[in-house]
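Colleague: Before we start, here is the structure in question, set down as structure tokens.
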Amino acid sequence: MKCKKILLLAVVCILFVTALFFLLRSCPKGQESMLLSEDINAVDILSSDTTIAGDDYIAIPGFERLIAYSWKNDIDCNIYNPERNNCYFKVNVSVEGIGDIFSSGLIAPGKAIYRIELSEPLSEGEYSSTITYYCYTFDEEKTPLNGATTHFVLEVKNEN
Amino acid sequence: MKIKLLSAFITISLIISCFAITVSAEEVTQDVSSVRSTVCYNLHGEYCIVIPGSLMMSKGDVLNITTDYLHLTSNESVQVSLNDKTFAWDDEYFKIEHNGTHTLLDCKLYASTSKNSEALEITKSNNATSPIVTFNSDDADTVGKLQVVPQVEKASPAGAYTGTLHFDITLLSE
């Protein structure tokens, strides 16, 4: 009789542990708001960079030109948050005459976005464009820090 | 009794072993005559400008704007100025906000560089688009300086004030 109780107890324990395992696996990892959650497209930067920014400074990278193709509805790019920055980036890419074509979630230091998906391909030509960097602290309040807007040319080619 | 415990233990072990079994199979190729290695170079861009992260008003410091790297040709330069977002939409001045009462405090902004100490006052309609500093490949060590001077009044509540500056960074070709 006592042995049956032990066996029953053991089976109940196993069922409990198994249920807990599957419950933890199926739970979402956080309850953060969608507006300020880390961008899932931000991946590790391919090589370490050499930025020198400290706690009170923010390194803002910039480039002169981005190339896109009129037959593709994505753009290869390198929008990254330098590894030594001590804040999140949230970036908006805006094209003159079209408006915002991309808005990221939070990009942690050492993360980059290498591809922008467009709703539809752009027509051939050169467009004045901007990347606006909004910077936020790491804490729960996500306090806004100073930011910057960099200007670049988006060149849309027709060739393959 | 011991046998029953043992059988119970074996049963438990069998049930647990049913989970988390990972099986991987990979095609094995023999007599490989060539190997492929991927070379990856990450070109970050033409420049990286270092701006102040936050306003350290309590220190009364001058905010520095410097470069991290510049990959520019001799006829290119990078210009840093203040963006319209820095200023209140209905006022000439940059404003900082009291953390408790949300009272706004006007600030005067003065721009200068390490090579030209003559300060230029910047308001929304006056010199707002003038560059604080211009960097080029021969002059990468120049430091842009931005001084924020709060215009404190008697009615201004004591406490911490915060505000955010927004910079405009443009690569120019002659």
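Ligands are numbered from 1 in the order shown, residues from 1 within each chain, and chains are lettered A, B, ... in the order they appear in the structure tokens.
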Neighbours of Gly125 (chain A) within 8 Å (only C-alpha atoms; same-chain residues fewer than 2 positions away dropped), as an MDAnalysis selection string?
Modeller: chainID A and resid 123 127 155:157
Colleague: Suppose we keep C-alpha atoms; can you now write the selection as a PDB file, in the first residue's frame?
Modeller:
```pdb
ATOM      1  CA  SER A 123      11.264  53.554 -59.148  1.00  0.00           C
ATOM      2  CA  TYR A 127      16.404  60.102 -53.726  1.00  0.00           C
ATOM      3  CA  GLU A 155      20.179  55.277 -55.565  1.00  0.00           C
ATOM      4  CA  VAL A 156      17.643  52.971 -57.191  1.00  0.00           C
ATOM      5  CA  LYS A 157      19.058  51.130 -60.205  1.00  0.00           C
TER       6      LYS A 157
END
```
Colleague: Could you write out as a VMD selection string the residues of chain B within 6 Å of chain A, counting only C-alpha atoms?
Modeller: chain B and resid 45 to 54 68 164 to 170
Colleague: Residues of the last selection are to be written out with all heavy atoms, as a short mmCIF file (atom, residue, chain, number, x, y, z; two decimals), in the first residue's frame.
Modeller:
```cif
data_model
loop_
_atom_site.label_atom_id
_atom_site.label_comp_id
_atom_site.auth_asym_id
_atom_site.auth_seq_id
_atom_site.Cartn_x
_atom_site.Cartn_y
_atom_site.Cartn_z
N GLY B 45 30.80 52.38 -43.26
CA GLY B 45 30.34 53.63 -43.85
C GLY B 45 31.45 54.64 -43.86
O GLY B 45 32.59 54.35 -43.50
N GLU B 46 31.10 55.84 -44.28
CA GLU B 46 32.13 56.86 -44.49
C GLU B 46 32.56 57.57 -43.20
O GLU B 46 33.65 58.08 -43.12
CB GLU B 46 31.64 57.90 -45.50
CG GLU B 46 31.86 57.51 -46.96
CD GLU B 46 30.82 56.55 -47.48
OE1 GLU B 46 29.80 56.37 -46.79
OE2 GLU B 46 31.02 55.96 -48.55
N TYR B 47 31.68 57.64 -42.25
CA TYR B 47 32.03 58.41 -41.05
C TYR B 47 31.28 57.91 -39.82
O TYR B 47 30.28 57.18 -39.95
CB TYR B 47 31.73 59.91 -41.25
CG TYR B 47 30.27 60.20 -41.55
CD1 TYR B 47 29.36 60.37 -40.51
CD2 TYR B 47 29.80 60.30 -42.85
CE1 TYR B 47 28.03 60.64 -40.77
CE2 TYR B 47 28.48 60.58 -43.11
CZ TYR B 47 27.60 60.74 -42.07
OH TYR B 47 26.28 61.00 -42.32
N CYS B 48 31.79 58.30 -38.67
CA CYS B 48 31.08 58.04 -37.41
C CYS B 48 31.33 59.25 -36.52
O CYS B 48 32.47 59.57 -36.19
CB CYS B 48 31.60 56.76 -36.76
SG CYS B 48 30.61 56.25 -35.35
N ILE B 49 30.27 59.95 -36.20
CA ILE B 49 30.37 61.17 -35.40
C ILE B 49 29.92 60.86 -33.97
O ILE B 49 28.92 60.17 -33.76
CB ILE B 49 29.45 62.28 -35.99
CG1 ILE B 49 29.82 62.56 -37.46
CG2 ILE B 49 29.51 63.55 -35.16
CD1 ILE B 49 31.21 63.10 -37.68
N VAL B 50 30.69 61.38 -33.02
CA VAL B 50 30.38 61.12 -31.61
C VAL B 50 29.72 62.37 -31.02
O VAL B 50 30.32 63.44 -30.97
CB VAL B 50 31.65 60.76 -30.83
CG1 VAL B 50 31.31 60.47 -29.37
CG2 VAL B 50 32.32 59.54 -31.45
N ILE B 51 28.45 62.19 -30.63
CA ILE B 51 27.70 63.32 -30.06
C ILE B 51 27.52 63.09 -28.55
O ILE B 51 27.64 61.95 -28.08
CB ILE B 51 26.31 63.45 -30.73
CG1 ILE B 51 25.45 62.19 -30.50
CG2 ILE B 51 26.44 63.74 -32.21
CD1 ILE B 51 23.99 62.34 -30.83
N PRO B 52 27.22 64.13 -27.79
CA PRO B 52 26.95 63.93 -26.36
C PRO B 52 25.70 63.08 -26.17
O PRO B 52 24.73 63.23 -26.91
CB PRO B 52 26.76 65.34 -25.81
CG PRO B 52 26.45 66.18 -27.01
CD PRO B 52 27.13 65.55 -28.18
N GLY B 53 25.73 62.19 -25.17
CA GLY B 53 24.59 61.30 -24.95
C GLY B 53 23.45 61.98 -24.24
O GLY B 53 22.29 61.82 -24.58
N SER B 54 23.79 62.75 -23.23
CA SER B 54 22.74 63.43 -22.47
C SER B 54 23.27 64.78 -22.01
O SER B 54 24.47 65.04 -22.07
CB SER B 54 22.32 62.59 -21.26
OG SER B 54 23.45 62.29 -20.49
N ASP B 68 34.74 59.64 -34.66
CA ASP B 68 35.33 58.35 -34.34
C ASP B 68 36.22 57.92 -35.50
O ASP B 68 37.38 57.62 -35.32
CB ASP B 68 34.21 57.33 -34.10
CG ASP B 68 34.75 56.00 -33.63
OD1 ASP B 68 35.98 55.86 -33.57
OD2 ASP B 68 33.95 55.11 -33.32
N THR B 164 16.55 67.08 -24.74
CA THR B 164 17.34 66.34 -25.73
C THR B 164 17.64 67.22 -26.93
O THR B 164 16.78 67.95 -27.42
CB THR B 164 16.60 65.07 -26.21
OG1 THR B 164 15.31 65.43 -26.67
CG2 THR B 164 16.48 64.04 -25.12
N LEU B 165 18.88 67.11 -27.36
CA LEU B 165 19.32 67.81 -28.56
C LEU B 165 19.26 66.84 -29.72
O LEU B 165 19.46 65.63 -29.54
CB LEU B 165 20.77 68.27 -28.38
CG LEU B 165 21.03 69.31 -27.30
CD1 LEU B 165 22.49 69.31 -26.91
CD2 LEU B 165 20.61 70.69 -27.79
N HIS B 166 18.96 67.36 -30.89
CA HIS B 166 18.95 66.50 -32.08
C HIS B 166 19.86 67.13 -33.13
O HIS B 166 19.69 68.29 -33.48
CB HIS B 166 17.52 66.34 -32.59
CG HIS B 166 17.35 65.13 -33.43
ND1 HIS B 166 16.98 63.91 -32.93
CD2 HIS B 166 17.54 64.94 -34.76
CE1 HIS B 166 16.93 63.03 -33.90
NE2 HIS B 166 17.28 63.62 -35.02
N PHE B 167 20.82 66.36 -33.57
CA PHE B 167 21.82 66.88 -34.51
C PHE B 167 21.52 66.45 -35.94
O PHE B 167 20.89 65.41 -36.18
CB PHE B 167 23.22 66.39 -34.11
CG PHE B 167 23.67 66.88 -32.77
CD1 PHE B 167 23.40 66.15 -31.60
CD2 PHE B 167 24.32 68.09 -32.64
CE1 PHE B 167 23.79 66.61 -30.35
CE2 PHE B 167 24.72 68.56 -31.39
CZ PHE B 167 24.45 67.82 -30.25
N ASP B 168 22.00 67.26 -36.86
CA ASP B 168 21.91 66.95 -38.29
C ASP B 168 23.32 66.67 -38.78
O ASP B 168 24.21 67.51 -38.57
CB ASP B 168 21.34 68.17 -39.03
CG ASP B 168 20.11 67.84 -39.82
OD1 ASP B 168 19.48 66.82 -39.51
OD2 ASP B 168 19.78 68.62 -40.72
N ILE B 169 23.54 65.54 -39.41
CA ILE B 169 24.90 65.20 -39.88
C ILE B 169 24.82 65.00 -41.39
O ILE B 169 24.06 64.14 -41.87
CB ILE B 169 25.40 63.92 -39.18
CG1 ILE B 169 25.35 64.11 -37.65
CG2 ILE B 169 26.82 63.60 -39.61
CD1 ILE B 169 25.63 62.85 -36.85
N THR B 170 25.60 65.76 -42.11
CA THR B 170 25.53 65.71 -43.58
C THR B 170 26.93 65.57 -44.17
O THR B 170 27.85 66.27 -43.77
CB THR B 170 24.91 67.02 -44.13
OG1 THR B 170 23.74 67.32 -43.37
CG2 THR B 170 24.52 66.88 -45.58
#
```
Colleague: Env of Ala119 (chain B): 6 Å cut, atoms = only C-alpha atoms, seq-sep filter 5 positions within chain, self excluded. Answer as a list in words.
Modeller: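 Final neighbour list, sorted by chain and number: Tyr110, Ala111 and Ser112 of chain B.
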Colleague: With only C-alpha atoms as the counted atoms, please give the residues lying no more than 8 Å from region 86-97 of chain B, apart from itself and same-chain residues fewer than 3 positions off, as a list in words.
Modeller: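 Here the answer would be Leu82, Asn83, His102, Thr103, Leu104, Leu105, Asp106, Cys107, Lys108, Leu109, Thr123, Lys124, Ser125, Tyr161, Thr162, Gly163, Thr164, Leu165, His166 and Phe167 of chain B.
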Colleague: Let me see the file: selected residues, N, CA and C atoms, as a PDB file, in the first residue's frame.
Modeller:
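again.pdb, freshly written:
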```pdb
ATOM      1  N   LEU B  82      22.470  71.701 -35.807  1.00  0.00           N
ATOM      2  CA  LEU B  82      21.324  71.314 -34.978  1.00  0.00           C
ATOM      3  C   LEU B  82      20.099  71.098 -35.854  1.00  0.00           C
ATOM      4  N   ASN B  83      19.339  70.079 -35.548  1.00  0.00           N
ATOM      5  CA  ASN B  83      18.111  69.778 -36.288  1.00  0.00           C
ATOM      6  C   ASN B  83      16.948  70.576 -35.674  1.00  0.00           C
ATOM      7  N   HIS B 102       7.467  69.563 -14.634  1.00  0.00           N
ATOM      8  CA  HIS B 102       7.411  69.704 -16.105  1.00  0.00           C
ATOM      9  C   HIS B 102       7.467  71.163 -16.557  1.00  0.00           C
ATOM     10  N   THR B 103       7.931  72.029 -15.667  1.00  0.00           N
ATOM     11  CA  THR B 103       8.135  73.422 -16.055  1.00  0.00           C
ATOM     12  C   THR B 103       9.254  73.501 -17.088  1.00  0.00           C
ATOM     13  N   LEU B 104       9.026  74.329 -18.103  1.00  0.00           N
ATOM     14  CA  LEU B 104      10.041  74.450 -19.150  1.00  0.00           C
ATOM     15  C   LEU B 104      10.959  75.634 -18.874  1.00  0.00           C
ATOM     16  N   LEU B 105      12.207  75.456 -19.236  1.00  0.00           N
ATOM     17  CA  LEU B 105      13.214  76.494 -19.019  1.00  0.00           C
ATOM     18  C   LEU B 105      13.930  76.746 -20.346  1.00  0.00           C
ATOM     19  N   ASP B 106      13.933  78.013 -20.771  1.00  0.00           N
ATOM     20  CA  ASP B 106      14.645  78.356 -22.012  1.00  0.00           C
ATOM     21  C   ASP B 106      16.150  78.221 -21.813  1.00  0.00           C
ATOM     22  N   CYS B 107      16.829  77.814 -22.874  1.00  0.00           N
ATOM     23  CA  CYS B 107      18.292  77.740 -22.824  1.00  0.00           C
ATOM     24  C   CYS B 107      18.871  78.431 -24.045  1.00  0.00           C
ATOM     25  N   LYS B 108      19.949  79.117 -23.841  1.00  0.00           N
ATOM     26  CA  LYS B 108      20.680  79.669 -24.977  1.00  0.00           C
ATOM     27  C   LYS B 108      21.751  78.664 -25.379  1.00  0.00           C
ATOM     28  N   LEU B 109      21.951  78.555 -26.674  1.00  0.00           N
ATOM     29  CA  LEU B 109      22.948  77.622 -27.193  1.00  0.00           C
ATOM     30  C   LEU B 109      24.062  78.414 -27.866  1.00  0.00           C
ATOM     31  N   THR B 123      19.650  80.140 -32.318  1.00  0.00           N
ATOM     32  CA  THR B 123      18.229  80.019 -31.986  1.00  0.00           C
ATOM     33  C   THR B 123      17.538  79.390 -33.191  1.00  0.00           C
ATOM     34  N   LYS B 124      16.246  79.157 -33.070  1.00  0.00           N
ATOM     35  CA  LYS B 124      15.540  78.466 -34.152  1.00  0.00           C
ATOM     36  C   LYS B 124      15.630  79.231 -35.481  1.00  0.00           C
ATOM     37  N   SER B 125      15.511  80.562 -35.409  1.00  0.00           N
ATOM     38  CA  SER B 125      15.509  81.347 -36.654  1.00  0.00           C
ATOM     39  C   SER B 125      16.863  81.983 -36.936  1.00  0.00           C
ATOM     40  N   TYR B 161      16.638  69.308 -14.447  1.00  0.00           N
ATOM     41  CA  TYR B 161      15.996  69.572 -15.739  1.00  0.00           C
ATOM     42  C   TYR B 161      16.649  68.687 -16.800  1.00  0.00           C
ATOM     43  N   THR B 162      15.846  68.213 -17.713  1.00  0.00           N
ATOM     44  CA  THR B 162      16.419  67.428 -18.814  1.00  0.00           C
ATOM     45  C   THR B 162      15.850  67.893 -20.151  1.00  0.00           C
ATOM     46  N   GLY B 163      16.597  67.615 -21.184  1.00  0.00           N
ATOM     47  CA  GLY B 163      16.157  67.942 -22.544  1.00  0.00           C
ATOM     48  C   GLY B 163      16.999  67.152 -23.523  1.00  0.00           C
ATOM     49  N   THR B 164      16.546  67.081 -24.742  1.00  0.00           N
ATOM     50  CA  THR B 164      17.335  66.340 -25.729  1.00  0.00           C
ATOM     51  C   THR B 164      17.644  67.219 -26.935  1.00  0.00           C
ATOM     52  N   LEU B 165      18.876  67.108 -27.359  1.00  0.00           N
ATOM     53  CA  LEU B 165      19.323  67.806 -28.561  1.00  0.00           C
ATOM     54  C   LEU B 165      19.255  66.836 -29.725  1.00  0.00           C
ATOM     55  N   HIS B 166      18.960  67.358 -30.889  1.00  0.00           N
ATOM     56  CA  HIS B 166      18.952  66.495 -32.077  1.00  0.00           C
ATOM     57  C   HIS B 166      19.859  67.127 -33.130  1.00  0.00           C
ATOM     58  N   PHE B 167      20.821  66.357 -33.573  1.00  0.00           N
ATOM     59  CA  PHE B 167      21.818  66.880 -34.505  1.00  0.00           C
ATOM     60  C   PHE B 167      21.516  66.452 -35.937  1.00  0.00           C
TER      61      PHE B 167
END
```
